[in-house]
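*Asks:* This is the content of model.csv (CSV, C-alpha atoms and all ligand atoms):
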chain,number,residue,atom,x,y,z
A,4,MET,CA,7.7,0.5,-7.3
A,5,TYR,CA,5.0,1.7,-9.6
A,6,ILE,CA,3.2,4.9,-10.2
A,7,ASN,CA,-0.5,5.0,-11.2
A,8,PHE,CA,-1.9,3.2,-8.1
A,9,TRP,CA,-3.6,4.3,-4.9
A,10,TYR,CA,-1.3,4.4,-1.9
A,11,PRO,CA,-2.2,4.9,1.7
A,12,VAL,CA,-0.7,8.2,2.9
A,13,ALA,CA,-1.8,8.6,6.5
A,14,CYS,CA,-4.7,8.0,9.0
A,15,CYS,CA,-7.5,10.5,8.5
A,16,GLU,CA,-7.0,12.0,11.9
A,17,GLU,CA,-3.3,12.7,11.1
A,18,VAL,CA,-4.2,15.0,8.2
A,19,THR,CA,-5.4,18.3,9.7
A,20,ASN,CA,-5.6,22.0,9.0
A,21,ALA,CA,-3.5,22.7,12.0
A,22,ALA,CA,-0.2,21.7,10.4
A,23,PRO,CA,0.9,19.9,7.3
A,24,LEU,CA,2.1,16.3,7.4
A,25,ARG,CA,5.2,15.3,5.6
A,26,VAL,CA,5.2,11.7,4.3
A,27,ARG,CA,7.7,9.6,2.3
A,28,ILE,CA,6.2,7.2,-0.2
A,29,LEU,CA,7.9,5.6,-3.3
A,30,CYS,CA,11.2,7.1,-2.2
A,31,LEU,CA,9.8,10.7,-2.6
A,32,ASP,CA,8.3,13.2,-0.2
A,33,PHE,CA,4.7,14.4,-0.1
A,34,VAL,CA,2.7,16.9,2.0
A,35,ALA,CA,-0.8,16.2,3.2
A,36,PHE,CA,-3.1,18.8,4.7
A,37,ARG,CA,-6.7,19.8,5.0
A,38,ASP,CA,-8.2,23.0,3.7
A,39,SER,CA,-10.7,25.2,5.5
A,40,SER,CA,-13.6,23.0,4.4
A,41,GLY,CA,-11.9,19.9,5.8
A,42,VAL,CA,-11.0,18.5,2.4
A,43,ALA,CA,-7.7,16.5,2.4
A,44,HIS,CA,-5.0,17.3,-0.2
A,45,VAL,CA,-1.8,15.5,-1.1
A,46,LEU,CA,0.9,17.5,-3.0
A,47,SER,CA,4.5,16.9,-4.0
A,48,ASP,CA,6.5,18.2,-1.0
A,49,THR,CA,9.2,20.1,-2.8
A,50,CYS,CA,8.7,23.8,-3.1
A,51,ILE,CA,9.7,24.7,-6.7
A,52,HIS,CA,11.2,28.0,-5.6
A,53,ARG,CA,14.4,26.8,-4.0
A,54,GLY,CA,13.5,23.4,-2.6
A,55,GLY,CA,11.9,24.0,0.7
A,56,ALA,CA,9.9,21.2,2.3
A,57,LEU,CA,6.3,22.2,2.2
A,58,GLY,CA,5.5,19.6,4.8
A,59,ASN,CA,7.6,21.5,7.3
A,60,GLY,CA,5.6,24.7,6.7
A,61,LYS,CA,2.2,25.9,7.8
A,62,VAL,CA,-1.4,25.5,6.7
A,63,LYS,CA,-2.8,29.0,5.9
A,64,GLY,CA,-6.5,28.9,5.0
A,65,ASP,CA,-6.8,26.7,2.0
A,66,CYS,CA,-3.1,26.6,1.3
A,67,VAL,CA,0.1,25.1,2.5
A,68,GLU,CA,2.9,27.7,3.1
A,69,CYS,CA,6.5,27.0,2.4
A,70,PRO,CA,8.6,27.5,5.5
A,71,TYR,CA,11.5,29.2,3.5
A,72,HIS,CA,10.0,32.3,1.8
A,73,GLY,CA,6.3,31.9,2.4
A,74,TRP,CA,5.1,30.8,-1.0
A,75,GLN,CA,1.6,29.4,-0.7
A,76,TYR,CA,0.1,26.5,-2.7
A,77,ASP,CA,-3.6,25.6,-2.8
A,78,GLY,CA,-5.0,22.0,-2.9
A,79,ALA,CA,-4.6,21.8,-6.6
A,80,GLY,CA,-0.9,22.6,-6.3
A,81,ARG,CA,-1.1,26.1,-7.7
A,82,CYS,CA,1.0,28.8,-6.1
A,83,THR,CA,-1.3,31.6,-5.1
A,84,VAL,CA,1.0,33.9,-3.1
A,85,ILE,CA,4.6,34.8,-3.5
A,86,PRO,CA,5.2,37.4,-0.8
A,87,SER,CA,8.5,38.8,-2.2
A,88,LEU,CA,6.7,39.8,-5.5
A,89,GLY,CA,4.5,42.2,-3.6
A,90,LYS,CA,0.7,42.4,-3.7
A,91,GLN,CA,0.3,43.6,-7.3
A,92,GLU,CA,2.1,40.8,-9.1
A,93,LYS,CA,0.5,37.4,-9.6
A,94,PRO,CA,2.6,34.2,-9.4
A,95,PRO,CA,3.7,33.0,-12.8
A,96,ALA,CA,2.0,30.0,-14.5
A,97,ARG,CA,5.0,27.8,-13.8
A,98,ALA,CA,4.6,28.3,-10.0
A,99,LYS,CA,2.8,25.0,-9.3
A,100,VAL,CA,3.6,21.6,-7.8
A,101,ASP,CA,2.0,18.2,-8.6
A,102,SER,CA,-1.3,17.5,-6.8
A,103,TYR,CA,-2.7,14.0,-6.5
A,104,PRO,CA,-6.3,12.7,-6.4
A,105,VAL,CA,-7.4,11.8,-2.8
A,106,GLN,CA,-10.0,9.6,-1.3
A,107,GLU,CA,-10.7,8.8,2.4
A,108,LYS,CA,-11.9,5.4,3.3
A,109,TYR,CA,-11.6,3.0,6.2
A,110,GLY,CA,-9.9,5.7,8.3
A,111,ILE,CA,-7.2,6.1,5.7
A,112,VAL,CA,-6.3,9.0,3.3
A,113,PHE,CA,-5.4,7.4,0.0
A,114,ALA,CA,-3.7,9.3,-2.9
A,115,PHE,CA,-3.5,8.2,-6.5
A,116,LEU,CA,0.2,8.7,-7.2
A,117,GLY,CA,0.3,9.0,-11.0
A,118,ASP,CA,-0.9,10.9,-14.0
A,119,LEU,CA,-3.6,8.7,-15.5
A,120,PRO,CA,-6.9,10.4,-16.2
A,121,GLU,CA,-9.8,9.3,-13.9
A,122,ALA,CA,-11.4,6.9,-16.4
A,123,ASP,CA,-8.2,4.9,-16.8
A,124,ARG,CA,-7.1,4.7,-13.1
A,125,PRO,CA,-6.9,1.3,-11.4
A,126,PRO,CA,-9.5,1.5,-8.6
A,127,LEU,CA,-8.8,1.4,-4.9
A,128,TYR,CA,-9.5,-2.1,-3.6
A,129,GLU,CA,-12.6,-1.8,-1.6
A,130,ILE,CA,-13.7,-3.6,1.6
A,131,PRO,CA,-17.2,-4.9,0.8
A,132,GLU,CA,-18.1,-5.9,4.4
A,133,TYR,CA,-16.8,-2.7,6.0
A,134,ASP,CA,-20.2,-1.2,6.8
A,135,ASP,CA,-22.0,-4.5,7.2
A,136,PRO,CA,-23.3,-4.8,10.8
A,137,ALA,CA,-22.6,-8.6,10.7
A,138,TRP,CA,-18.9,-7.7,10.6
A,139,ARG,CA,-16.6,-5.9,12.9
A,140,ALA,CA,-13.5,-3.9,11.9
A,141,ASN,CA,-10.7,-3.5,14.3
A,142,LYS,CA,-9.2,-0.1,15.0
A,143,LEU,CA,-6.9,0.6,12.0
A,144,LYS,CA,-3.4,-0.6,12.8
A,145,VAL,CA,-0.5,1.1,11.1
A,146,PHE,CA,3.0,-0.3,11.4
A,147,GLU,CA,6.4,0.0,9.7
A,148,VAL,CA,8.6,-2.8,8.6
A,149,ASN,CA,12.2,-2.9,7.4
A,150,TYR,CA,11.7,-4.7,4.1
A,151,TYR,CA,10.6,-4.1,0.6
A,152,TYR,CA,6.9,-4.0,0.0
A,153,GLU,CA,6.9,-6.6,-2.8
A,154,ARG,CA,8.5,-9.1,-0.5
A,155,SER,CA,5.7,-8.3,1.9
A,156,VAL,CA,3.0,-8.8,-0.6
A,157,GLU,CA,4.6,-12.0,-1.9
A,158,ASN,CA,4.7,-13.4,1.6
A,159,GLY,CA,1.0,-12.9,1.9
A,160,LEU,CA,0.5,-14.8,-1.4
A,161,ASP,CA,2.4,-17.8,-0.1
A,162,PRO,CA,0.4,-20.8,1.1
A,163,ALA,CA,3.5,-22.9,1.8
A,164,HIS,CA,5.2,-20.9,4.5
A,165,ASN,CA,2.5,-21.2,7.2
A,166,GLU,CA,3.5,-24.4,8.9
A,167,PHE,CA,7.1,-23.3,9.1
A,168,VAL,CA,6.7,-19.7,10.1
A,169,HIS,CA,3.5,-19.9,12.1
A,170,PRO,CA,3.5,-23.4,13.7
A,171,LYS,CA,1.4,-22.1,16.6
A,172,GLN,CA,-1.5,-21.6,14.3
A,173,GLY,CA,-2.6,-25.3,14.6
A,174,THR,CA,0.0,-26.3,12.1
A,175,PRO,CA,-2.1,-25.5,9.0
A,176,GLY,CA,-1.5,-28.3,6.6
A,177,MET,CA,-1.9,-26.5,3.3
A,178,MET,CA,1.4,-27.4,1.7
A,179,GLN,CA,1.3,-30.9,0.4
A,180,GLY,CA,1.1,-31.8,-3.2
A,181,PHE,CA,0.9,-28.5,-5.1
A,182,ARG,CA,2.1,-30.2,-8.3
A,183,ASP,CA,-0.7,-32.7,-8.2
A,184,LYS,CA,-3.3,-30.1,-7.1
A,185,PRO,CA,-2.2,-26.9,-8.7
A,186,ILE,CA,-3.4,-23.7,-7.1
A,187,ALA,CA,-6.3,-22.3,-9.0
A,188,ILE,CA,-5.8,-18.6,-9.5
A,189,ASP,CA,-8.5,-16.1,-10.5
A,190,ASP,CA,-7.9,-12.6,-11.7
A,191,ILE,CA,-9.5,-9.8,-9.7
A,192,GLY,CA,-10.5,-7.4,-12.5
A,193,ALA,CA,-7.5,-6.3,-14.6
A,194,PHE,CA,-5.2,-5.5,-11.7
A,195,GLY,CA,-5.1,-8.4,-9.3
A,196,SER,CA,-5.3,-12.1,-8.7
A,197,LYS,CA,-6.4,-14.4,-5.8
A,198,PHE,CA,-6.7,-18.0,-4.8
A,199,MET,CA,-8.6,-20.0,-2.2
A,200,MET,CA,-7.9,-23.5,-1.0
A,201,PRO,CA,-9.1,-25.9,1.7
A,202,PHE,CA,-6.7,-26.6,4.6
A,203,THR,CA,-6.5,-28.8,7.5
A,204,GLN,CA,-5.3,-28.1,11.0
A,205,VAL,CA,-3.0,-30.9,12.3
A,206,LYS,CA,-3.7,-29.6,15.8
A,207,ALA,CA,-7.3,-28.5,15.6
A,208,ASP,CA,-7.4,-27.1,19.1
A,209,GLU,CA,-4.7,-24.6,18.4
A,210,GLY,CA,-4.5,-21.5,16.3
A,211,LEU,CA,-6.2,-18.2,16.0
A,212,MET,CA,-8.7,-17.7,18.9
A,213,ALA,CA,-8.6,-21.5,19.7
A,214,GLY,CA,-11.3,-22.5,22.1
A,215,GLN,CA,-13.3,-19.3,21.7
A,216,PHE,CA,-15.7,-20.6,19.0
A,217,GLU,CA,-16.9,-23.7,17.2
A,218,ARG,CA,-14.8,-24.5,14.2
A,219,ASN,CA,-16.0,-26.8,11.4
A,220,ALA,CA,-13.0,-28.8,10.3
A,221,SER,CA,-14.6,-29.8,7.0
A,222,GLN,CA,-15.2,-26.2,6.0
A,223,LEU,CA,-11.7,-24.8,6.7
A,224,GLU,CA,-10.5,-22.7,3.8
A,225,GLY,CA,-8.0,-19.9,3.3
A,226,GLY,CA,-6.5,-17.9,0.6
A,227,SER,CA,-5.1,-14.5,-0.4
A,228,GLY,CA,-4.9,-12.1,-3.2
A,229,HIS,CA,-3.3,-8.9,-4.3
A,230,PHE,CA,-4.8,-5.9,-6.1
A,231,GLY,CA,-2.3,-3.6,-7.8
A,232,PRO,CA,1.3,-3.9,-6.5
A,233,ASN,CA,0.5,-2.9,-2.9
A,234,ALA,CA,-2.9,-4.1,-1.6
A,235,LEU,CA,-2.9,-7.6,-0.1
A,236,ILE,CA,-6.0,-9.4,1.1
A,237,THR,CA,-6.3,-12.6,3.1
A,238,TRP,CA,-9.4,-14.6,3.6
A,239,LEU,CA,-9.5,-17.1,6.4
A,240,HIS,CA,-12.7,-19.2,6.9
A,241,LEU,CA,-12.7,-21.4,10.0
A,242,GLY,CA,-16.1,-23.0,9.4
A,243,ASN,CA,-19.6,-22.1,10.6
A,244,GLY,CA,-19.3,-18.6,9.3
A,245,ASN,CA,-16.3,-17.8,11.5
A,246,ASP,CA,-14.5,-15.7,9.0
A,247,PHE,CA,-11.6,-13.3,9.1
A,248,HIS,CA,-11.0,-11.0,6.1
A,249,GLN,CA,-7.8,-9.0,6.3
A,250,TYR,CA,-6.8,-6.0,4.2
A,251,PHE,CA,-3.2,-4.7,4.1
A,252,TYR,CA,-2.7,-1.4,2.2
A,253,GLU,CA,1.0,-1.1,1.8
A,254,ALA,CA,3.0,2.1,1.2
A,255,PRO,CA,6.6,1.5,0.1
A,256,ILE,CA,8.5,4.2,2.0
A,257,ASP,CA,11.8,3.6,0.2
A,258,GLU,CA,13.8,0.7,-1.1
A,259,ASN,CA,14.1,-0.9,2.4
A,260,SER,CA,11.0,0.0,4.3
A,261,THR,CA,7.2,-0.2,4.1
A,262,ARG,CA,4.3,1.3,6.0
A,263,ILE,CA,1.4,-1.1,6.3
A,264,PHE,CA,-2.2,0.0,7.0
A,265,PHE,CA,-4.0,-3.1,8.3
A,266,VAL,CA,-7.8,-3.4,8.5
A,267,ASN,CA,-9.0,-6.7,10.1
A,268,MET,CA,-12.6,-7.6,9.5
A,269,ARG,CA,-14.3,-10.4,11.5
A,270,HIS,CA,-17.6,-12.1,11.1
A,271,PHE,CA,-17.8,-13.5,14.6
A,272,MET,CA,-16.9,-12.6,18.2
A,273,LEU,CA,-18.2,-9.2,17.3
A,274,ASP,CA,-18.1,-7.8,20.8
A,275,ALA,CA,-15.6,-5.0,21.2
A,276,LYS,CA,-14.1,-6.7,24.2
A,277,HIS,CA,-12.3,-9.2,21.8
A,278,ASP,CA,-10.7,-6.4,19.8
A,279,GLN,CA,-7.4,-6.1,21.6
A,280,ARG,CA,-6.8,-9.8,21.9
A,281,ILE,CA,-7.5,-10.5,18.3
A,282,MET,CA,-5.2,-7.6,17.2
A,283,ASP,CA,-2.5,-8.9,19.6
A,284,ILE,CA,-2.6,-12.4,18.1
A,285,ASN,CA,-2.6,-11.0,14.6
A,286,MET,CA,0.5,-8.9,15.4
A,287,GLU,CA,2.2,-11.8,17.0
A,288,ILE,CA,1.7,-13.7,13.7
A,289,ALA,CA,2.9,-10.7,11.8
A,290,GLN,CA,6.0,-10.5,13.9
A,291,GLU,CA,6.9,-14.1,12.8
A,292,ASP,CA,6.7,-12.9,9.2
A,293,ILE,CA,8.6,-9.7,10.0
A,294,ASP,CA,11.6,-11.5,11.6
A,295,LEU,CA,11.9,-13.7,8.5
A,296,LEU,CA,11.3,-11.0,5.8
A,297,GLU,CA,13.8,-8.5,7.3
A,298,VAL,CA,16.7,-10.7,6.2
A,299,LEU,CA,15.6,-12.0,2.8
A,300,ASN,CA,18.3,-11.8,0.1
A,301,PRO,CA,18.1,-10.0,-2.1
A,302,VAL,CA,16.2,-7.3,-0.3
A,303,ARG,CA,14.1,-6.5,-3.3
A,304,THR,CA,12.0,-8.9,-5.4
A,305,PRO,CA,13.9,-10.2,-8.4
A,306,HIS,CA,12.2,-9.1,-11.6
A,307,SER,CA,12.8,-12.4,-13.2
A,308,THR,CA,11.7,-15.9,-12.4
A,309,ASN,CA,15.0,-17.6,-12.9
A,310,LYS,CA,17.0,-15.9,-10.2
A,311,GLU,CA,15.1,-17.9,-7.6
A,312,LEU,CA,14.0,-21.6,-8.0
A,313,LEU,CA,10.2,-21.4,-8.0
A,314,VAL,CA,8.0,-24.4,-7.5
A,315,PRO,CA,4.3,-25.0,-8.0
A,316,ALA,CA,3.4,-23.6,-4.5
A,317,ASP,CA,4.9,-20.3,-5.8
A,318,LYS,CA,2.2,-19.9,-8.5
A,319,PRO,CA,0.5,-17.0,-6.8
A,320,VAL,CA,3.8,-15.2,-6.5
A,321,VAL,CA,4.5,-15.9,-10.2
A,322,ARG,CA,1.2,-14.4,-11.2
A,323,TYR,CA,1.9,-11.3,-9.1
A,324,ARG,CA,5.3,-10.9,-10.8
A,325,GLU,CA,3.6,-11.2,-14.2
A,326,TYR,CA,1.4,-8.3,-13.3
A,327,LEU,CA,4.5,-6.3,-12.1
A,328,GLN,CA,6.0,-7.0,-15.6
A,329,GLN,CA,2.8,-5.8,-17.2
A,330,TRP,CA,2.9,-2.5,-15.3
A,331,GLU,CA,6.6,-2.1,-16.2
A,332,GLN,CA,5.6,-2.5,-19.8
A,333,ASN,CA,3.0,0.2,-19.3
A,334,GLY,CA,5.8,2.5,-18.3
A,335,TRP,CA,4.7,2.7,-14.7
A,336,ARG,CA,7.8,1.3,-12.9
A,337,ILE,CA,10.1,3.7,-11.1
A,338,ASP,CA,13.7,3.4,-12.2
A,339,LEU,CA,15.2,3.1,-8.7
A,340,ARG,CA,18.7,2.8,-10.1
A,341,ARG,CA,18.5,6.1,-11.9
A,342,LEU,CA,16.7,7.7,-9.0
A,343,ARG,CA,19.5,6.7,-6.7
A,344,GLU,CA,22.0,8.2,-9.1
A,345,ILE,CA,20.4,11.6,-9.5
A,346,ARG,CA,19.2,11.9,-5.9
A,347,GLY,CA,20.9,14.9,-4.2
A,348,ASP,CA,21.5,16.7,-7.5
A,349,VAL,CA,18.0,16.8,-9.0
A,350,ALA,CA,14.6,17.0,-7.3
A,351,VAL,CA,11.9,15.0,-9.0
A,352,ALA,CA,8.2,14.4,-8.5
A,353,ILE,CA,5.6,11.7,-9.4
A,354,PRO,CA,3.7,13.3,-12.3
A,355,GLY,CA,0.1,14.1,-11.2
A,356,PRO,CA,-2.9,14.1,-13.7
A,357,GLN,CA,-2.5,17.8,-14.3
A,358,ARG,CA,0.7,17.1,-16.3
A,359,ARG,CA,-1.4,15.6,-19.0
A,360,ALA,CA,-3.3,18.9,-19.4
A,361,GLU,CA,-0.6,21.5,-18.8
A,362,LYS,CA,3.1,21.8,-19.7
A,363,ASN,CA,5.6,24.0,-18.0
A,364,TRP,CA,6.6,22.2,-14.8
A,365,VAL,CA,9.7,23.0,-12.8
A,366,LEU,CA,10.5,19.6,-11.4
A,367,ASP,CA,11.4,16.7,-13.6
A,368,GLU,CA,9.3,13.6,-13.5
A,369,VAL,CA,10.6,10.7,-11.5
A,370,PRO,CA,12.6,8.4,-13.8
A,371,LEU,CA,10.6,5.5,-15.1
A,372,VAL,CA,11.9,2.2,-16.6
A,373,GLY,CA,11.9,2.3,-20.4
A,374,LYS,CA,11.2,6.0,-20.6
B,401,LIG,S1,11.9,27.6,-1.1
B,401,LIG,FE1,9.8,27.6,-0.8
B,401,LIG,S2,9.3,29.7,-0.8
B,401,LIG,FE2,11.4,29.7,-1.2
B,402,FE,FE,2.9,-15.4,7.3
Will you turn the file into structure tokens for me?
*Replies:*
Amino acid sequence: MYINFWYPVACCEEVTNAAPLRVRILCLDFVAFRDSSGVAHVLSDTCIHRGGALGNGKVKGDCVECPYHGWQYDGAGRCTVIPSLGKQEKPPARAKVDSYPVQEKYGIVFAFLGDLPEADRPPLYEIPEYDDPAWRANKLKVFEVNYYYERSVENGLDPAHNEFVHPKQGTPGMMQGFRDKPIAIDDIGAFGSKFMMPFTQVKADEGLMAGQFERNASQLEGGSGHFGPNALITWLHLGNGNDFHQYFYEAPIDENSTRIFFVNMRHFMLDAKHDQRIMDINMEIAQEDIDLLEVLNPVRTPHSTNKELLVPADKPVVRYREYLQQWEQNGWRIDLRRLREIRGDVAVAIPGPQRRAEKNWVLDEVPLVGK
């Protein structure tokens, strides 16, 4: 798991000024709420007084109030009220929690969980066709799975599993001869990579929405990519402009579970009456992956390429792991082993950008590999 990327926190409508929302991401807790002008904020959940969970408190005006002794924190994480000090005394400078940059897009509240200044931040991966009337977005689908997010992303980057795991999808014949025809991988900016390749359908009358539209067998192509450690995109082109583009923004909850925010875009069958059926089929396919991924061993992706026997079809996975290594060298990888050791004795937080400008923080920073 890595700091310094954008993570999906919640659906926009879950974040309100009626009550704060407590969310676990990257093994740590966060609180999300809206202030009186409707702006969403995401803060570290741990009250720096004596460890109250801010997410279990209340929203008061522009602040979230700790349920234990009523300390109030504004959207920037600054404590503005300490009731027990009385009205005269201002909260000390150290009374602050980490606050994270937020943006709302595609019905999702995203937070940048890290301390990089704005100019250096990896961007959020955007959906270029989201507002294009020639495309239709399904209703945002959020689901939780019991496996590590990197295993989930790697599964999406794997062209060789389809005919074994998803045989009902017309037996997509993408898997032959990856040594002779190596997968061509392109980088996406400085933080991602992708591939596209033609495929054939052994049973052309089967598969996603079979019989509902005119395929063009000579134009079938599919591919996928990742951006950052936790955004996965798949492109499926069934010919004649019948395209699906699927975006999975993944939030690692902890070492064993992941929350996935899924936006499905389609360039055909735009009528709303198809929405439910298309989502049902997508979730049926997802379930085939889920059943498989829940029992992978080891649970977490090995951070080496020699503890699994990788072959040419795994090239996109290898490229993803190279990026992960790069981000580890940047000092962005959370040291899960050390975090496990100290958990229960020490509260920590992901450092927010404000830590670069100000010292004097109560909570330690989450342990990072190499730091
Ligand atoms: S623990 Fe939060 S106000 Fe005391
Ligand atoms: Fe799959």
*Asks:* Just how far from CA of Glu253 in chain A is CA of Pro131 in chain A, in Å to one decimal?
*Replies:*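 That distance, rounded to one decimal, is 18.6 Å.
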*Asks:* Got a sec: who's within 12 Å of range 336-343 of chain A, counting all atoms listed in the file, leaving out chain neighbours fewer than 3 positions off, as JSON, numbers by chain?
*Replies:* {"A": [4, 5, 6, 7, 8, 29, 30, 31, 116, 117, 232, 255, 257, 258, 259, 303, 306, 326, 327, 328, 329, 330, 331, 332, 333, 346, 347, 348, 349, 350, 351, 352, 353, 354, 367, 368, 369, 370, 371, 372, 373, 374]}
*Asks:* What gap, in Å, lies between CA of Gly64 in chain A and CA of Cys82 in chain A?
*Replies:*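 About the pair CA of Gly64 in chain A and CA of Cys82 in chain A: they are 13.4 Å apart.
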*Asks:* Check every protein, DNA and RNA residue against ligand FE 402 (chain B), keep those with an atom at most 10 Å away (counting only C-alpha atoms and all ligand atoms), and present them as a ChimeraX atom specification.
*Replies:* /A:155,157-169,288-293,295-296
*Asks:* Would you tabulate, counting all atoms listed in the file, all residues of chain A that have an atom at most 9 Å from an atom of ligand LIG 401 (chain B), showing the closest pair of atoms and their distance in Å to one decimal, sorted by chain then ascending number, as CSV?
*Replies:*
residue,atom,partner,partner_atom,distance
A:Thr49,CA,B:LIG401,FE1,7.8
A:Cys50,CA,B:LIG401,FE1,4.6
A:Ile51,CA,B:LIG401,FE1,6.6
A:His52,CA,B:LIG401,S1,4.6
A:Arg53,CA,B:LIG401,S1,3.9
A:Gly54,CA,B:LIG401,S1,4.7
A:Gly55,CA,B:LIG401,S1,4.0
A:Ala56,CA,B:LIG401,FE1,7.1
A:Leu57,CA,B:LIG401,FE1,7.1
A:Glu68,CA,B:LIG401,S2,7.8
A:Cys69,CA,B:LIG401,FE1,4.6
A:Pro70,CA,B:LIG401,FE1,6.4
A:Tyr71,CA,B:LIG401,FE2,4.7
A:His72,CA,B:LIG401,S2,3.7
A:Gly73,CA,B:LIG401,S2,4.9
A:Trp74,CA,B:LIG401,S2,4.3
A:Gln75,CA,B:LIG401,S2,7.7
A:Ile85,CA,B:LIG401,S2,7.4
A:Pro86,CA,B:LIG401,S2,8.7
*Asks:* At a cut-off of 10 Å, using all atoms listed in the file, what residues contact range 313-319 of chain A? Leave out same-chain residues fewer than 4 positions from it and give the result as a compact mmCIF listing (two decimals) with C-alpha atoms, keeping the file's coordinate frame.
*Replies:*
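This is the output file out28.txt:
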# COMPACT_ATOMS: atom_id res chain seq x y z
CA GLU A 157 4.60 -12.00 -1.90
CA GLY A 159 1.00 -12.90 1.90
CA LEU A 160 0.50 -14.80 -1.40
CA ASP A 161 2.40 -17.80 -0.10
CA PRO A 162 0.40 -20.80 1.10
CA ALA A 163 3.50 -22.90 1.80
CA HIS A 164 5.20 -20.90 4.50
CA MET A 177 -1.90 -26.50 3.30
CA MET A 178 1.40 -27.40 1.70
CA GLN A 179 1.30 -30.90 0.40
CA GLY A 180 1.10 -31.80 -3.20
CA PHE A 181 0.90 -28.50 -5.10
CA ARG A 182 2.10 -30.20 -8.30
CA ASP A 183 -0.70 -32.70 -8.20
CA LYS A 184 -3.30 -30.10 -7.10
CA PRO A 185 -2.20 -26.90 -8.70
CA ILE A 186 -3.40 -23.70 -7.10
CA ALA A 187 -6.30 -22.30 -9.00
CA ILE A 188 -5.80 -18.60 -9.50
CA ASP A 189 -8.50 -16.10 -10.50
CA SER A 196 -5.30 -12.10 -8.70
CA LYS A 197 -6.40 -14.40 -5.80
CA PHE A 198 -6.70 -18.00 -4.80
CA SER A 227 -5.10 -14.50 -0.40
CA GLY A 228 -4.90 -12.10 -3.20
CA HIS A 229 -3.30 -8.90 -4.30
CA THR A 308 11.70 -15.90 -12.40
CA ASN A 309 15.00 -17.60 -12.90
CA TYR A 323 1.90 -11.30 -9.10
CA ARG A 324 5.30 -10.90 -10.80
CA GLU A 325 3.60 -11.20 -14.20
*Asks:* In Å, rounded to a single decimal, give me how far CA of Val156 in chain A is from CA of Tyr250 in chain A.
*Replies:* 11.3 Å
*Asks:* I want to know what sits within 10 Å of Asn141 in chain A, based on only C-alpha atoms, with residues of the same chain fewer than 3 positions away left out; could you give that as a PyMOL selection string?
*Replies:* chain A and resi 138+144+265-269+273+275+277-279+281-282
*Asks:* Between A:Ala13, A:Val62, A:Met200, A:Val302, which has the minimum distance to Glu153 in chain A (counting only C-alpha atoms)?
*Replies:*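 Distance minimum relative to Glu153 in chain A lands on A:Val302.
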*Asks:* With all atoms listed in the file as the atoms that count, which of A:Asp123, A:Asp48, A:Glu344, A:Glu16 lies nearest to Gly110 in chain A?
*Replies:*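 For Gly110 in chain A, the nearest of the candidates is A:Glu16.
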*Asks:* So, counting all atoms listed in the file, which residue among A:Asp65, A:Leu143, A:Gly89, A:Asp246 is closest to Lys108 in chain A?
*Replies:*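 Among A:Asp65, A:Leu143, A:Gly89, A:Asp246, it is A:Leu143 that comes nearest to Lys108 in chain A.
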*Asks:* May I have the residues at most 7 Å from (-6.1, -0.2, -4.5) in the file's coordinates, counting all atoms listed in the file, as number ranges by chain?
*Replies:* A: 8-9, 126-128, 230-231, 234
*Asks:* Which polymer residues have any atom within 10 Å of an atom of Phe271 in chain A, counting all atoms listed in the file, with same-chain residues fewer than 3 positions away left out, as a list in words?
*Replies:* Ala137, Trp138, Arg139, Phe216, Asn243, Gly244, Asn245, Asp246, Phe247, Met268 and Asp274 of chain A
*Asks:* Got time to write the residues from that selection, C-alpha atoms, as a CSV table (one decimal), in the coordinates of the input?
*Replies:*
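Below you can see result_17.csv, which holds the result:
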chain,number,residue,atom,x,y,z
A,137,ALA,CA,-22.6,-8.6,10.7
A,138,TRP,CA,-18.9,-7.7,10.6
A,139,ARG,CA,-16.6,-5.9,12.9
A,216,PHE,CA,-15.7,-20.6,19.0
A,243,ASN,CA,-19.6,-22.1,10.6
A,244,GLY,CA,-19.3,-18.6,9.3
A,245,ASN,CA,-16.3,-17.8,11.5
A,246,ASP,CA,-14.5,-15.7,9.0
A,247,PHE,CA,-11.6,-13.3,9.1
A,268,MET,CA,-12.6,-7.6,9.5
A,274,ASP,CA,-18.1,-7.8,20.8
